[in-house]
Protein chains: 2
Amino acid sequence: MTPEEFRAAGHRLIDWIADYRASVDARPVMARTEPGDVKRQLPAHPPVDPEPFDAIVGDLDRIIVPGLSHWQHPQFFGYFPCNGSLASVLGDYVSTGLGVLGLSWQASPALTEVEDVATDWMRQMLGLADGWSGVIQDTASTSTLVALICARERTTAFSATRGGLQAESSPLVVYTSAQSHSSVDKAALLAGFGRANIRVVPHDASHAMRPEMLASAIEADRRAGACPCAIVATAGSTASTAFDPLEAIGGIASEHGVWLHVDAAMAGSAMILPECRHLWHGVERADSLVVNPHKWLGVAFACTLYYMRDPEHLIRVMSTNPSFLQSAADGRVKNFRDWGVPLGRRFRALKLWFLIREQGIAKLQARLRRDLANARWLADQVRAAAGWRLVAPVALQTLCVLHEPAGVDGEALDRHTQAWVARVNRSGAAYLTPAILDGRWMARVSIGVESTERRHVEALWQTLRAEAEAAASTLA
Amino acid sequence: MTPEEFRAAGHRLIDWIADYRASVDARPVMARTEPGDVKRQLPAHPPVDPEPFDAIVGDLDRIIVPGLSHWQHPQFFGYFPCNGSLASVLGDYVSTGLGVLGLSWQASPALTEVEDVATDWMRQMLGLADGWSGVIQDTASTSTLVALICARERTTAFSATRGGLQAESSPLVVYTSAQSHSSVDKAALLAGFGRANIRVVPHDASHAMRPEMLASAIEADRRAGACPCAIVATAGSTASTAFDPLEAIGGIASEHGVWLHVDAAMAGSAMILPECRHLWHGVERADSLVVNPHKWLGVAFACTLYYMRDPEHLIRVMSTNPSFLQSAADGRVKNFRDWGVPLGRRFRALKLWFLIREQGIAKLQARLRRDLANARWLADQVRAAAGWRLVAPVALQTLCVLHEPAGVDGEALDRHTQAWVARVNRSGAAYLTPAILDGRWMARVSIGVESTERRHVEALWQTLRAEAEAAASTLA
């Protein structure tokens, strides 16, 4: 495709995307496709000859879009808001169009320097101290893996340079809670700790880790000859936005020389609001921290920020320096290939930089405050309605909701919850992803898609009541 | 930014990118910026209020583009071709514009099913057997880490479910050669093997691993009580495109029950040409394989294909199943979150699917054959020119070149090589990244940018001779 063909096709696709975003609210939120429906419509073999661009765009309309759940839909209340804000989308378009890579500073100096500046802008916006260095990673899962590998190497005085983790005599242990994200267990297993060396520290009624139980777990491990290595604390859990008490946990981490990694993937965006920062009080005590601006804040996926206190430690763990990557600038510049797992590096900072500049801090803050107010409004409705209950505190923009028909509890209540949530999703009017909290299924409502206004939350509440009551009527 | 604002700004940026691509050949290939030049022009603090879109685009022209090395420039012969082919760029624009995520099949069914189809199209194009399953990862570095973790878990009968790597009694060992990519060592260290358990198997004069030396290293380790775990073989090395003998290595891997991972990150693209497939003869014996369509083939970065013989094994290592990700379709669908490290997943398959459809196999093959012919032409010139030498076989599109003025050798020759390559790069007329081969610096010429035609390679040869001779004249 020549630049002139790209110009023509690109203009067409810009209109196609603008139209999609402008009309997405008319589609059913959750895909109504069955397994194999999309695949069945695609040729089993690749084409030998070029296809006209028309055919490709036609298939987008005919096959692809009907096979999607629409994350940018104002009635999307599932998982978490993954706002691909349109200014950020354009920043990513520039990155992909330029097609440059940052294997080293020299390979594209502006790529590295804009990343340096934009991650520092975000540090300031989050209210973090000067001492943090930031880098863009792909996801929080990867960042937590990076953090646990760093912790492993610090604890073992860089065993990777010798016989590796397998040569260590006393087992290294990771501490987290049952409310932490599934990626924490996964990262600990991938980093070689083993399930037997993951301690699940009990949490309190608000689903926050109990620091005194953490301290006793660490002390018990020490007495048993194990080696406490890392704590992964959560600032805003996935199920209910619970906040582990970072100040107390940080004190325990310091006392025992244990690495503290804080997972603020979702809730970190809220910290651009000074009134929310008390929720992660103590974050300055962490060794590493992950925040996903590709969630609520609105940066096009993927853009995860990994902040650390000591980048030299990270670099020592991740560094490679083959001859073909060396340049005269080395020693005077950051080479971000040494700040994470991949060598190849997109110009991801552009999509963060575009968003911050096009919105400014004030507009980003206003949007998040709108969402918090919408969540408070819905929480008030739930509290006031007979048969409805919030089963967790509403710390930010996620509600954990139960509809309890008289006389229905236990597993019957689980079945009812799943039935009415499935009705909501099949209706196309809204999309929720239920989850288990305290051993029971609950309807999880995550508010914060950029296009979601109060009227959409009002419509959601109507839908919830209608479908829950319809499902309840089938119980009788 | 509203959809209508996006429409206006998007049209403008499409023109901006088309103009950039159409005129990139007029720019110096390598950035002429000094460390800190870009950063110095950017505000130290984020803006409180929105900035006009004009200001952002103006900064692209004024600050960003002059700070880039231009990977899509027809005179870019550094690193490897990382073609962001414009049809693929548009596929990525659709993905970013749709803003959907594939946390599970249900979260966006078409995302999973197009990835399933497109990776299978590529399997067919590469001439691989039916038995391979493919998935898109971000980079080869990450894929090699995934492969080594899978190998570790197979060898230890899934130690992750127990005490982890740290509970194993006999050390697990990884085998590779000194010509393998720096990501192989890095992956082995991150996976916890430790440097003491990486064996560097000697290579022959063509820089290919010597299978008999591999076999004796494995046998020696067995005798010493260690546990041979994984071999990472390279099909097309970074420095000189050397191919390890996969058929022989695969036989040794089977005999000893050792995992074989094949790194064909760069050269894998060549396997869409049947006449090149003899180079990786034996690849069917591998347990896992990585190919980067985001290099020579032309898919916009990042799009790495990870193929494996046994996806159930991978899934067992990578799987998580928290309640909020469960859906009624589970068990009947692929959930690609269990096929790699990250949970979040872009609709990356679109950029691969767009490229294959817009080009067809025939045009992709024709472009690669053009590049191979250009490399052969340049190799002929080098061989015929007095004082010039190829220091490695030209297997595909990369040449390892030395200019040897009479009486200059050893470290003086290294200084001369680096001096004339630096002159080439500073001239702006071409960009090379030198590397060390057999202990000596050489000029590495990697041909294959989509816009590079024969005339550009002819111009490169003129530049090489002029700058090398100018540098030589300063020696006298």
# chains A, B, ... in the order shown; residues from 1 in each chain; ligands from 1
>>> residues_around(residues="Lys363 (chain B)", least_positions_apart="4", cutoff="8 Å", atoms="only C-alpha atoms", output="list in words")
Asp49 and Pro50 of chain A; Gln359 and Arg367 of chain B
>>> write_last_selection(atoms="C-alpha atoms", output="CSV table (one decimal), in the first residue's frame")
chain,number,residue,atom,x,y,z
A,49,ASP,CA,-3.8,-12.7,-4.4
A,50,PRO,CA,-4.6,-9.2,-3.0
B,359,GLN,CA,-1.2,-8.0,0.0
B,367,ARG,CA,8.7,-8.3,-1.9
>>> closest_residue(among="B:Val184, B:Met442, B:Leu214, B:Val382", to="Pro202 (chain B)", atoms="only C-alpha atoms")
B:Leu214
>>> residues_around(residues="Val29 (chain B)", least_positions_apart="5", cutoff="8 Å", atoms="only C-alpha atoms", output="list in words")
Ser69, His70, Trp71, His73, Gln75, Phe76, Asn425, Gly428, Ala429, Ala430 and Tyr431 of chain B
>>> write_last_selection(atoms="C-alpha atoms", output="mmCIF file, in the first residue's frame")
data_model
loop_
_atom_site.group_PDB
_atom_site.id
_atom_site.type_symbol
_atom_site.label_atom_id
_atom_site.label_comp_id
_atom_site.auth_asym_id
_atom_site.auth_seq_id
_atom_site.Cartn_x
_atom_site.Cartn_y
_atom_site.Cartn_z
ATOM 1 C CA SER B 69 15.742 7.613 13.626
ATOM 2 C CA HIS B 70 13.528 6.666 10.702
ATOM 3 C CA TRP B 71 12.885 2.941 10.559
ATOM 4 C CA HIS B 73 13.340 5.132 5.518
ATOM 5 C CA GLN B 75 18.132 3.868 3.483
ATOM 6 C CA PHE B 76 17.577 2.250 6.880
ATOM 7 C CA ASN B 425 25.407 7.227 10.032
ATOM 8 C CA GLY B 428 22.299 10.868 7.071
ATOM 9 C CA ALA B 429 22.496 8.940 3.813
ATOM 10 C CA ALA B 430 22.152 5.510 5.414
ATOM 11 C CA TYR B 431 21.970 3.870 8.834
#
>>> select_by_dssp(residues="region 185-238 of chain A", states="strand (DSSP E or B)", output="PyMOL selection string")
chain A and resi 198-201+203+209+227-235
>>> write_last_selection(atoms="C-alpha atoms", output="PDB file, in the first residue's frame")
ATOM      1  CA  ILE A 198       2.538 -18.090  48.457  1.00  0.00           C
ATOM      2  CA  ARG A 199       0.960 -17.015  51.741  1.00  0.00           C
ATOM      3  CA  VAL A 200      -2.631 -15.805  51.579  1.00  0.00           C
ATOM      4  CA  VAL A 201      -2.868 -13.306  54.419  1.00  0.00           C
ATOM      5  CA  HIS A 203      -8.434  -9.882  55.214  1.00  0.00           C
ATOM      6  CA  MET A 209      -5.353  -7.251  54.254  1.00  0.00           C
ATOM      7  CA  CYS A 227      12.935 -16.400  53.650  1.00  0.00           C
ATOM      8  CA  PRO A 228      10.221 -13.707  53.389  1.00  0.00           C
ATOM      9  CA  CYS A 229      10.780 -12.059  50.021  1.00  0.00           C
ATOM     10  CA  ALA A 230       7.891  -9.941  48.742  1.00  0.00           C
ATOM     11  CA  ILE A 231       4.511  -8.540  49.724  1.00  0.00           C
ATOM     12  CA  VAL A 232       2.007  -7.698  47.004  1.00  0.00           C
ATOM     13  CA  ALA A 233      -0.535  -5.276  48.411  1.00  0.00           C
ATOM     14  CA  THR A 234      -3.581  -4.105  46.511  1.00  0.00           C
ATOM     15  CA  ALA A 235      -4.765  -0.516  46.296  1.00  0.00           C
TER      16      ALA A 235
END
>>> residues_around(residues="Gly407 (chain A)", least_positions_apart="6", cutoff="12 Å", atoms="only C-alpha atoms", output="ChimeraX atom specification")
/A:387,413,416,472,475-476
>>> write_last_selection(atoms="N, CA, C and O atoms", output="PDB file, in the first residue's frame")
ATOM      1  N   GLY A 387     -35.160  -5.157  49.147  1.00  0.00           N
ATOM      2  CA  GLY A 387     -34.662  -6.373  48.506  1.00  0.00           C
ATOM      3  C   GLY A 387     -33.285  -6.221  47.885  1.00  0.00           C
ATOM      4  O   GLY A 387     -32.735  -7.182  47.366  1.00  0.00           O
ATOM      5  N   LEU A 413     -29.550 -18.288  46.090  1.00  0.00           N
ATOM      6  CA  LEU A 413     -29.301 -16.867  45.817  1.00  0.00           C
ATOM      7  C   LEU A 413     -28.233 -16.719  44.723  1.00  0.00           C
ATOM      8  O   LEU A 413     -28.358 -15.862  43.839  1.00  0.00           O
ATOM      9  N   HIS A 416     -29.936 -17.230  41.500  1.00  0.00           N
ATOM     10  CA  HIS A 416     -30.759 -16.061  41.164  1.00  0.00           C
ATOM     11  C   HIS A 416     -29.876 -14.923  40.632  1.00  0.00           C
ATOM     12  O   HIS A 416     -30.187 -14.293  39.616  1.00  0.00           O
ATOM     13  N   ALA A 472     -36.800 -13.065  39.569  1.00  0.00           N
ATOM     14  CA  ALA A 472     -37.374 -13.480  40.850  1.00  0.00           C
ATOM     15  C   ALA A 472     -38.751 -14.100  40.642  1.00  0.00           C
ATOM     16  O   ALA A 472     -39.133 -15.051  41.333  1.00  0.00           O
ATOM     17  N   LEU A 475     -38.880 -17.667  40.182  1.00  0.00           N
ATOM     18  CA  LEU A 475     -38.540 -18.511  41.335  1.00  0.00           C
ATOM     19  C   LEU A 475     -39.789 -19.002  42.039  1.00  0.00           C
ATOM     20  O   LEU A 475     -39.773 -20.029  42.701  1.00  0.00           O
ATOM     21  N   ALA A 476     -40.852 -18.230  41.921  1.00  0.00           N
ATOM     22  CA  ALA A 476     -42.066 -18.511  42.695  1.00  0.00           C
ATOM     23  C   ALA A 476     -42.782 -19.775  42.181  1.00  0.00           C
ATOM     24  O   ALA A 476     -42.515 -20.266  41.111  1.00  0.00           O
TER      25      ALA A 476
END
